[in-house]
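> Structure supplied as data18.cif; contents: mmCIF, C-alpha atoms and all ligand atoms.
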```
data_coords
loop_
_atom_site.label_atom_id
_atom_site.label_comp_id
_atom_site.auth_asym_id
_atom_site.auth_seq_id
_atom_site.Cartn_x
_atom_site.Cartn_y
_atom_site.Cartn_z
CA MET A 625 18.04 -11.67 -3.02
CA SER A 626 18.23 -10.29 -6.51
CA LEU A 627 19.33 -6.70 -6.18
CA ARG A 628 18.77 -4.28 -9.00
CA HIS A 629 21.76 -2.38 -7.69
CA ASP A 630 24.49 -4.26 -5.85
CA LYS A 631 25.30 -1.74 -3.16
CA ALA A 632 22.38 -2.06 -0.77
CA LYS A 633 22.86 0.49 2.01
CA PRO A 634 20.95 1.16 5.23
CA GLY A 635 17.73 3.05 4.62
CA ILE A 636 17.49 1.96 1.00
CA PRO A 637 13.95 1.27 -0.25
CA VAL A 638 13.52 -2.37 -1.28
CA ILE A 639 10.71 -3.65 -3.50
CA LEU A 640 9.10 -6.95 -2.48
CA GLY A 641 6.32 -8.59 -4.50
CA ILE A 642 3.70 -10.46 -2.47
CA PRO A 643 1.62 -12.59 -4.87
CA PHE A 644 -1.20 -13.45 -2.45
CA ASP A 645 -4.96 -13.02 -2.95
CA ALA A 646 -6.57 -15.78 -0.87
CA ASN A 647 -8.31 -13.30 1.44
CA SER A 648 -10.18 -11.49 -1.34
CA SER A 649 -13.93 -11.48 -0.72
CA TRP A 650 -15.17 -10.85 -4.28
CA LEU A 651 -12.71 -11.53 -7.13
CA ARG A 652 -9.33 -13.24 -7.19
CA GLY A 653 -6.52 -12.02 -9.45
CA THR A 654 -4.46 -9.54 -7.44
CA ALA A 655 -1.80 -12.23 -6.86
CA GLY A 656 -0.80 -11.72 -10.49
CA ALA A 657 -0.01 -8.03 -10.01
CA PRO A 658 3.66 -7.76 -8.90
CA PRO A 659 5.40 -8.85 -12.14
CA ILE A 660 3.01 -6.74 -14.22
CA ILE A 661 3.69 -3.64 -12.13
CA ARG A 662 7.44 -4.27 -12.57
CA VAL A 663 7.11 -4.46 -16.37
CA ALA A 664 5.28 -1.11 -16.41
CA PHE A 665 7.75 0.35 -13.89
CA ASN A 666 10.77 -0.63 -16.00
CA SER A 667 9.17 0.31 -19.34
CA SER A 668 11.36 2.43 -21.55
CA SER A 669 8.27 4.39 -22.61
CA THR A 670 9.24 6.77 -19.79
CA ASN A 671 12.43 7.73 -17.93
CA SER A 672 13.70 7.04 -14.44
CA TRP A 673 13.26 10.52 -12.94
CA THR A 674 10.44 11.24 -10.50
CA GLU A 675 8.39 14.44 -10.64
CA THR A 676 10.21 15.51 -7.47
CA GLY A 677 13.61 15.32 -9.16
CA VAL A 678 14.95 11.95 -8.00
CA ASP A 679 16.73 9.69 -10.51
CA LEU A 680 15.73 6.13 -9.57
CA ASN A 681 18.44 4.79 -11.88
CA ALA A 682 21.16 6.40 -9.75
CA GLU A 683 23.36 3.77 -8.12
CA GLY A 684 21.94 2.59 -4.81
CA ALA A 685 18.63 4.46 -5.18
CA TYR A 686 16.60 1.34 -4.39
CA CYS A 687 16.82 -2.42 -4.72
CA ASP A 688 14.44 -5.24 -5.58
CA ALA A 689 14.07 -8.41 -3.51
CA GLY A 690 11.88 -10.10 -6.12
CA ASP A 691 8.63 -11.89 -5.34
CA LEU A 692 7.98 -13.76 -2.13
CA LYS A 693 7.70 -17.55 -2.50
CA PHE A 694 5.09 -19.31 -0.39
CA ALA A 695 5.99 -22.82 0.75
CA PHE A 696 4.43 -24.77 3.61
CA ALA A 697 4.41 -22.18 6.38
CA GLU A 698 1.34 -20.04 7.06
CA PRO A 699 1.29 -17.32 4.36
CA PHE A 700 1.01 -14.50 6.92
CA ASP A 701 4.00 -15.90 8.86
CA THR A 702 5.98 -16.06 5.62
CA ILE A 703 5.15 -12.42 4.82
CA GLN A 704 5.88 -11.14 8.34
CA CYS A 705 9.16 -13.07 8.49
CA LYS A 706 10.43 -11.79 5.12
CA VAL A 707 9.48 -8.16 5.81
CA GLY A 708 11.10 -8.45 9.25
CA GLU A 709 14.29 -9.75 7.59
CA LEU A 710 14.43 -6.73 5.28
CA LEU A 711 13.84 -4.38 8.23
CA ASP A 712 16.62 -6.18 10.16
CA GLN A 713 18.92 -5.29 7.30
CA GLY A 714 17.96 -1.63 7.73
CA MET A 715 16.04 -1.46 4.47
CA ARG A 716 12.66 0.17 3.85
CA PRO A 717 10.26 -2.37 2.31
CA VAL A 718 7.84 -1.33 -0.43
CA CYS A 719 5.51 -4.29 -0.95
CA LEU A 720 3.48 -4.91 -4.09
CA GLY A 721 0.28 -6.89 -3.48
CA GLY A 722 -1.69 -8.91 -3.55
CA ASP A 723 -4.93 -8.19 -1.79
CA HIS A 724 -5.11 -5.76 1.13
CA SER A 725 -5.00 -8.50 3.77
CA ILE A 726 -1.19 -8.59 3.36
CA THR A 727 -0.89 -5.22 5.10
CA LEU A 728 -1.58 -6.96 8.45
CA PRO A 729 1.52 -9.22 8.49
CA ILE A 730 3.61 -6.45 6.90
CA VAL A 731 2.65 -3.93 9.60
CA ARG A 732 3.10 -6.57 12.30
CA ALA A 733 6.76 -6.76 11.21
CA PHE A 734 7.02 -2.96 11.15
CA GLY A 735 5.45 -2.78 14.63
CA GLN A 736 8.22 -5.00 16.00
CA HIS A 737 10.96 -2.87 14.46
CA ILE A 738 9.62 0.67 14.31
CA PRO A 739 7.57 2.01 17.23
CA GLY A 740 5.14 4.88 16.83
CA LEU A 741 4.19 4.24 13.22
CA THR A 742 1.61 6.49 11.53
CA ILE A 743 -0.22 4.77 8.68
CA LEU A 744 -1.45 6.87 5.76
CA HIS A 745 -4.05 4.59 4.21
CA PHE A 746 -5.47 5.47 0.76
CA ASP A 747 -8.63 3.50 -0.04
CA ALA A 748 -12.27 3.73 -1.11
CA HIS A 749 -13.00 1.40 1.84
CA PRO A 750 -11.95 1.68 5.49
CA ASP A 751 -11.20 -2.11 5.74
CA LEU A 752 -12.22 -2.02 9.40
CA TYR A 753 -14.69 -4.92 9.51
CA ASP A 754 -14.41 -7.08 12.60
CA GLU A 755 -14.96 -10.03 10.25
CA LEU A 756 -16.32 -10.56 6.75
CA GLU A 757 -18.08 -13.81 5.85
CA GLY A 758 -16.50 -15.39 8.90
CA ASN A 759 -12.95 -14.39 7.87
CA ARG A 760 -11.17 -12.12 10.36
CA LEU A 761 -8.18 -11.97 8.02
CA SER A 762 -10.25 -10.82 5.02
CA HIS A 763 -8.97 -7.93 2.92
CA ALA A 764 -11.90 -6.03 4.45
CA CYS A 765 -10.41 -6.37 7.98
CA PRO A 766 -6.65 -5.59 8.14
CA PHE A 767 -6.92 -2.21 9.85
CA ALA A 768 -9.22 -3.57 12.59
CA ARG A 769 -6.54 -6.17 13.45
CA ILE A 770 -3.69 -3.63 13.21
CA MET A 771 -5.40 -1.23 15.61
CA GLU A 772 -6.45 -4.00 18.04
CA GLU A 773 -2.87 -5.26 18.17
CA GLY A 774 -1.42 -1.77 18.56
CA ALA A 775 0.96 -2.40 15.63
CA ALA A 776 0.63 1.28 14.63
CA LYS A 777 0.17 4.45 16.67
CA ARG A 778 -2.04 6.43 14.28
CA LEU A 779 -4.23 5.49 11.35
CA ILE A 780 -5.16 8.22 8.86
CA GLN A 781 -7.48 7.08 6.09
CA VAL A 782 -7.80 9.06 2.85
CA GLY A 783 -10.39 8.79 0.07
CA ILE A 784 -13.01 6.74 1.95
CA ARG A 785 -16.39 6.71 0.19
CA THR A 786 -18.14 3.49 1.14
CA ILE A 787 -18.57 3.00 4.85
CA ASN A 788 -21.42 1.44 6.80
CA GLY A 789 -22.58 1.89 10.39
CA HIS A 790 -20.47 -0.99 11.73
CA GLN A 791 -17.29 0.41 10.23
CA ARG A 792 -18.08 3.92 11.52
CA GLU A 793 -18.33 2.40 15.01
CA GLN A 794 -15.05 0.56 14.50
CA ALA A 795 -13.35 3.79 13.34
CA LYS A 796 -14.58 5.58 16.46
CA LYS A 797 -13.49 2.73 18.73
CA PHE A 798 -9.97 2.69 17.28
CA GLY A 799 -9.60 6.48 17.05
CA VAL A 800 -9.15 6.37 13.28
CA GLU A 801 -8.66 9.77 11.61
CA MET A 802 -10.80 9.47 8.50
CA ILE A 803 -10.63 11.91 5.60
CA GLU A 804 -13.60 11.04 3.44
CA MET A 805 -13.43 11.43 -0.32
CA ARG A 806 -16.04 14.17 -0.32
CA ASN A 807 -13.74 16.27 1.89
CA LEU A 808 -10.66 16.10 -0.34
CA PRO A 809 -8.27 17.73 -1.08
CA ALA A 810 -6.61 17.52 2.34
CA LEU A 811 -2.97 18.22 1.52
CA ASP A 812 -2.24 19.81 4.92
CA ARG A 813 -3.37 16.62 6.65
CA MET A 814 -0.45 14.82 4.96
CA LYS A 815 2.01 16.87 7.04
CA VAL A 816 2.42 14.31 9.81
CA GLU A 817 5.51 13.32 11.71
CA GLY A 818 7.28 10.12 10.82
CA PRO A 819 7.79 7.28 10.87
CA ILE A 820 5.11 6.96 8.20
CA TYR A 821 3.83 3.85 6.46
CA ILE A 822 1.85 4.37 3.22
CA SER A 823 -0.75 1.72 2.37
CA PHE A 824 -2.17 2.45 -1.07
CA ASP A 825 -5.24 0.46 -2.21
CA MET A 826 -5.62 1.07 -5.95
CA ASP A 827 -9.39 1.44 -5.54
CA ALA A 828 -8.79 4.78 -3.81
CA LEU A 829 -8.53 6.00 -7.38
CA ASP A 830 -11.64 6.54 -9.48
CA PRO A 831 -12.26 3.46 -11.67
CA ALA A 832 -12.07 5.82 -14.67
CA PHE A 833 -8.34 6.16 -13.90
CA ALA A 834 -7.70 2.68 -12.52
CA PRO A 835 -10.33 0.15 -13.65
CA GLY A 836 -8.10 -2.86 -12.92
CA ILE A 837 -9.35 -3.52 -9.41
CA SER A 838 -11.78 -5.94 -7.79
CA HIS A 839 -14.22 -3.48 -6.17
CA ARG A 840 -14.99 -0.53 -8.45
CA GLU A 841 -16.28 2.41 -6.41
CA PRO A 842 -17.00 5.50 -8.54
CA GLY A 843 -16.35 9.02 -7.31
CA GLY A 844 -12.72 8.49 -6.34
CA MET A 845 -9.40 10.28 -6.70
CA SER A 846 -7.82 11.19 -9.98
CA THR A 847 -4.27 9.99 -10.48
CA ARG A 848 -3.17 13.63 -10.04
CA GLU A 849 -5.05 14.01 -6.73
CA ALA A 850 -3.39 10.85 -5.41
CA LEU A 851 0.05 12.05 -6.49
CA ALA A 852 -0.57 15.48 -4.95
CA HIS A 853 -1.36 13.88 -1.58
CA ILE A 854 1.71 11.63 -1.77
CA HIS A 855 3.91 14.60 -2.73
CA ALA A 856 2.50 16.56 0.26
CA ILE A 857 3.83 14.03 2.81
CA THR A 858 6.55 15.68 4.89
CA GLY A 859 7.66 13.04 7.45
CA LYS A 860 10.13 10.21 6.99
CA ILE A 861 8.56 7.26 5.17
CA ALA A 862 9.55 3.90 6.68
CA GLY A 863 7.79 1.73 4.13
CA ALA A 864 4.80 1.32 1.86
CA ASP A 865 2.54 -1.04 0.02
CA ILE A 866 0.55 -0.82 -3.21
CA VAL A 867 -2.27 -3.36 -3.17
CA GLU A 868 -5.46 -4.52 -4.88
CA PHE A 869 -4.34 -4.00 -8.49
CA ASN A 870 -6.19 -6.80 -10.32
CA PRO A 871 -4.68 -7.44 -13.77
CA THR A 872 -7.66 -9.63 -14.78
CA GLN A 873 -9.84 -6.49 -14.74
CA ASP A 874 -7.32 -4.22 -16.49
CA ASN A 875 -8.45 -4.40 -20.11
CA THR A 876 -6.33 -1.50 -21.35
CA GLN A 877 -3.31 -2.07 -19.04
CA ILE A 878 -3.71 1.51 -17.80
CA THR A 879 -3.98 0.45 -14.15
CA ALA A 880 -0.57 -1.25 -14.37
CA THR A 881 0.90 2.03 -15.59
CA VAL A 882 -0.81 3.98 -12.80
CA ALA A 883 0.46 1.53 -10.15
CA ALA A 884 3.97 1.86 -11.58
CA LYS A 885 3.70 5.67 -11.51
CA LEU A 886 2.60 5.57 -7.85
CA LEU A 887 5.50 3.23 -7.07
CA LYS A 888 7.91 5.61 -8.76
CA GLU A 889 6.68 8.69 -6.90
CA ILE A 890 6.50 6.87 -3.54
CA LEU A 891 10.12 5.68 -3.98
CA GLY A 892 11.10 9.25 -4.88
CA LYS A 893 9.48 10.62 -1.71
CA MET A 894 11.11 7.92 0.41
CA ILE A 895 14.52 8.93 -0.92
CA LEU A 896 13.83 12.67 -0.50
CA ASN A 897 12.14 12.74 2.94
MN MN B 901 -10.53 -0.76 -1.26
MN MN B 902 -8.38 -1.90 0.95
#
```
As structure tokens, what does this structure read like?
Ligand code: MN
Ligand code: MN


Amino acid sequence: MSLRHDKAKPGIPVILGIPFDANSSWLRGTAGAPPIIRVAFNSSSTNSWTETGVDLNAEGAYCDAGDLKFAFAEPFDTIQCKVGELLDQGMRPVCLGGDHSITLPIVRAFGQHIPGLTILHFDAHPDLYDELEGNRLSHACPFARIMEEGAAKRLIQVGIRTINGHQREQAKKFGVEMIEMRNLPALDRMKVEGPIYISFDMDALDPAFAPGISHREPGGMSTREALAHIHAITGKIAGADIVEFNPTQDNTQITATVAAKLLKEILGKMILN
């Protein structure tokens, strides 16, 4: 493992890139995201301090496990195994996707290590389809599988603005707590007990702020609204993912910068909470 800082300690957040987009239903390209987010994250155009007063350049603030390599094993097994390894070492994985399907094997690993997980899921879409185009592992399905398997205790979805009848039924069946976009802000709803897992789909943001995504859904969160909801989280954060950034759609590179900013503020909250 390549560590940005040598002294990995228990509880340290660890970045893991997951370059996987084979379960995308519309456009490929999110597999190219992790190195591009890292470049924006490490850019000297800004400094290492979060808005909440954490210096990410302080020794032992976080470490970086690099990008996952896929060989011959099933990709989901590879993801689950690697995340499980990091959890075994007492670290708190922050995964960079990749399409949203990767959240299933990630949360499977969390479910084995950390009981009673509450997922805070930011997304334009509920991703609760039973199947999409015959694929039960589609990026439109991960939260249906997670809830069926009982890998998390609670699922709170934030920013939802495109949901059909089937997915409303699924949400009801699984007891999903859905905060639709039209009902934001909902800062008080972020005050949940840990352990918390944050799953951030970049299309939760309005495409005006983050156009580099595969499914543009207007009427979404501003970058500031997203940050305000992340900053409002009070419980201990066990891990996170940032998914669905598609560099092939990011003509001005702004989405890379926004993903890096979210990564920075999520790491800051993980260290603080
Ligand atoms: Mn989405
Ligand atoms: Mn999603």

> Give the residue list for ligand MN 902 (chain B) at 7 Å, counting all atoms listed in the file, as a list in words, sorted by chain and then by residue number.

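Sorted by chain and then by number, the residues are His724, Asp747, His749, Pro750, Asp751, His763, Ala764 and Asp825 of chain A.
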
> Of the candidates A:Asn807, A:Gln873, A:Ser668, A:Gln736, which shows the shortest atom-to-atom distance to Leu651 of chain A, using all atoms listed in the file?

A:Gln873

> Got a sec: who's within 10 Å of Arg840 of chain A, counting all atoms listed in the file, leaving out chain neighbours fewer than 2 positions off, as a PyMOL selection string?

chain A and resi 748+826-832+834-838+842-844

> Give the answer as one residue: which of A:Arg732, A:Lys633, A:Arg785, A:Lys693 has the shortest atom-to-atom distance to ligand MN 901 (chain B), using all atoms listed in the file?

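Under the stated criterion, the closest residue is A:Arg785.
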
> Could you state the separation of atom CA of Leu680 of chain A and atom CA of Leu720 of chain A in Å, given to one decimal place?

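Atom CA of Leu720 of chain A lies at a distance of 17.4 Å from atom CA of Leu680 of chain A.
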
> Assuming the input is short of atoms at segment 730-742 of chain A, produce N, CA, C and O atoms for that part as an mmCIF file, in the coordinates of the input.


```
data_model
loop_
_atom_site.group_PDB
_atom_site.id
_atom_site.type_symbol
_atom_site.label_atom_id
_atom_site.label_comp_id
_atom_site.auth_asym_id
_atom_site.auth_seq_id
_atom_site.Cartn_x
_atom_site.Cartn_y
_atom_site.Cartn_z
ATOM 1 N N ILE A 730 2.544 -7.422 7.179
ATOM 2 C CA ILE A 730 3.610 -6.450 6.900
ATOM 3 C C ILE A 730 3.745 -5.482 8.081
ATOM 4 O O ILE A 730 4.837 -5.254 8.607
ATOM 5 N N VAL A 731 2.593 -4.928 8.517
ATOM 6 C CA VAL A 731 2.650 -3.930 9.600
ATOM 7 C C VAL A 731 2.997 -4.577 10.942
ATOM 8 O O VAL A 731 3.606 -3.941 11.799
ATOM 9 N N ARG A 732 2.645 -5.859 11.097
ATOM 10 C CA ARG A 732 3.100 -6.570 12.300
ATOM 11 C C ARG A 732 4.628 -6.533 12.374
ATOM 12 O O ARG A 732 5.214 -6.294 13.433
ATOM 13 N N ALA A 733 5.289 -6.797 11.241
ATOM 14 C CA ALA A 733 6.760 -6.760 11.210
ATOM 15 C C ALA A 733 7.265 -5.348 11.492
ATOM 16 O O ALA A 733 8.206 -5.157 12.280
ATOM 17 N N PHE A 734 6.621 -4.357 10.893
ATOM 18 C CA PHE A 734 7.020 -2.960 11.150
ATOM 19 C C PHE A 734 6.858 -2.630 12.639
ATOM 20 O O PHE A 734 7.707 -1.977 13.232
ATOM 21 N N GLY A 735 5.725 -3.081 13.220
ATOM 22 C CA GLY A 735 5.450 -2.780 14.630
ATOM 23 C C GLY A 735 6.538 -3.293 15.554
ATOM 24 O O GLY A 735 6.835 -2.673 16.578
ATOM 25 N N GLN A 736 7.139 -4.430 15.178
ATOM 26 C CA GLN A 736 8.220 -5.000 16.000
ATOM 27 C C GLN A 736 9.530 -4.238 15.859
ATOM 28 O O GLN A 736 10.393 -4.316 16.726
ATOM 29 N N HIS A 737 9.692 -3.547 14.735
ATOM 30 C CA HIS A 737 10.960 -2.870 14.460
ATOM 31 C C HIS A 737 10.904 -1.362 14.658
ATOM 32 O O HIS A 737 11.892 -0.741 15.018
ATOM 33 N N ILE A 738 9.730 -0.785 14.353
ATOM 34 C CA ILE A 738 9.620 0.670 14.310
ATOM 35 C C ILE A 738 8.436 1.119 15.155
ATOM 36 O O ILE A 738 7.289 1.046 14.716
ATOM 37 N N PRO A 739 8.687 1.566 16.395
ATOM 38 C CA PRO A 739 7.570 2.010 17.230
ATOM 39 C C PRO A 739 7.003 3.352 16.763
ATOM 40 O O PRO A 739 7.708 4.126 16.119
ATOM 41 N N GLY A 740 5.741 3.576 17.092
ATOM 42 C CA GLY A 740 5.140 4.880 16.830
ATOM 43 C C GLY A 740 4.794 5.159 15.384
ATOM 44 O O GLY A 740 4.799 6.311 14.936
ATOM 45 N N LEU A 741 4.478 4.112 14.648
ATOM 46 C CA LEU A 741 4.190 4.240 13.220
ATOM 47 C C LEU A 741 2.857 4.965 12.978
ATOM 48 O O LEU A 741 1.858 4.691 13.637
ATOM 49 N N THR A 742 2.857 5.898 12.019
ATOM 50 C CA THR A 742 1.610 6.490 11.530
ATOM 51 C C THR A 742 1.333 5.914 10.145
ATOM 52 O O THR A 742 2.191 5.989 9.264
#
```
